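Peer 1: I'd like to ask you about the structure that follows.
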Amino acid sequence: MISPPQTPHSHPPHTPEGDLQKLFTEVCLHGLKARLCDDVDALDTYLPPHMAATARKVTHALDVPQPAPA
């Protein structure tokens, strides 16, 4: 099987980095899980640094109080 040509900044399609929607979804789920388990520091132990940083941003966004609908 022949793979499509890769540009210098592209990633193989089988990795999360190759699909931005999948990457975003995965990071959001990791962030939500870390927030629900109150274990944000653990993100660094099992995620690559760029994913852990984004997942941490998700956890911080979940901490921001949202106004109740009127």
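Quick note on naming: the chains in the structure tokens go A, B, ... in the order shown, residues restart at 1 in each chain, and ligands are numbered from 1 in order of appearance.
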Tell me which protein, DNA and RNA residues are within 7 Å of A:Ala55, counting only C-alpha atoms, leaving out same-chain ones fewer than 3 positions away, and put them as a list in words.
Peer 2: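 Close residues of A:Ala55: Val27, Cys28, His30, Gly31, Met51, Ala52, Val58 and Thr59 of chain A.
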Peer 1: For the selection you just gave me, I'd like the residues written to a file as an mmCIF file, in the first residue's frame, keeping N, CA, C and O atoms.
Peer 2:
```cif
data_model
loop_
_atom_site.group_PDB
_atom_site.id
_atom_site.type_symbol
_atom_site.label_atom_id
_atom_site.label_comp_id
_atom_site.auth_asym_id
_atom_site.auth_seq_id
_atom_site.Cartn_x
_atom_site.Cartn_y
_atom_site.Cartn_z
ATOM 1 N N VAL A 27 -8.068 15.810 23.595
ATOM 2 C CA VAL A 27 -7.577 16.739 24.611
ATOM 3 C C VAL A 27 -8.721 17.174 25.534
ATOM 4 O O VAL A 27 -8.558 17.233 26.753
ATOM 5 N N CYS A 28 -9.890 17.462 24.959
ATOM 6 C CA CYS A 28 -11.041 17.855 25.772
ATOM 7 C C CYS A 28 -11.450 16.737 26.724
ATOM 8 O O CYS A 28 -11.749 16.986 27.898
ATOM 9 N N HIS A 30 -9.550 14.292 27.906
ATOM 10 C CA HIS A 30 -8.524 14.150 28.948
ATOM 11 C C HIS A 30 -8.655 15.270 29.977
ATOM 12 O O HIS A 30 -8.530 15.037 31.178
ATOM 13 N N GLY A 31 -8.908 16.490 29.501
ATOM 14 C CA GLY A 31 -9.078 17.616 30.415
ATOM 15 C C GLY A 31 -10.294 17.449 31.301
ATOM 16 O O GLY A 31 -10.247 17.699 32.512
ATOM 17 N N MET A 51 -0.164 18.340 24.276
ATOM 18 C CA MET A 51 -1.525 17.888 24.584
ATOM 19 C C MET A 51 -1.862 18.158 26.052
ATOM 20 O O MET A 51 -2.984 18.559 26.369
ATOM 21 N N ALA A 52 -0.905 17.942 26.941
ATOM 22 C CA ALA A 52 -1.134 18.200 28.368
ATOM 23 C C ALA A 52 -1.423 19.678 28.600
ATOM 24 O O ALA A 52 -2.321 20.027 29.384
ATOM 25 N N VAL A 58 -8.339 23.287 29.117
ATOM 26 C CA VAL A 58 -9.731 22.818 29.204
ATOM 27 C C VAL A 58 -10.157 22.762 30.664
ATOM 28 O O VAL A 58 -11.249 23.211 31.016
ATOM 29 N N THR A 59 -9.299 22.246 31.524
ATOM 30 C CA THR A 59 -9.662 22.146 32.945
ATOM 31 C C THR A 59 -9.866 23.527 33.556
ATOM 32 O O THR A 59 -10.773 23.722 34.359
#
```
Peer 1: Quick one: residues within 10 Å of A:His60, only C-alpha atoms counted, chain neighbours fewer than 6 positions away excluded, as a list in words?
Peer 2: Gly31, Leu32, Arg35, Val40 and Thr54 of chain A
Peer 1: Could you save the residues just selected, with C-alpha atoms, as a tab-separated table (two decimals), in the first residue's frame?
Peer 2:
```
chain	number	residue	atom	x	y	z
A	31	GLY	CA	-9.08	17.62	30.42
A	32	LEU	CA	-12.62	16.78	31.49
A	35	ARG	CA	-11.04	17.90	36.21
A	40	VAL	CA	-4.90	17.82	36.69
A	54	THR	CA	-4.10	22.15	26.01
```
Peer 1: With distances taken over only C-alpha atoms, which of A:Ala34, A:Pro48, A:Glu26, A:Leu20 is nearest to A:Leu62?
Peer 2: A:Ala34
Peer 1: Rounded to one decimal place, report the atom CA of A:Leu23-atom CA of A:Arg56 distance in Å.
Peer 2: 14.1 Å
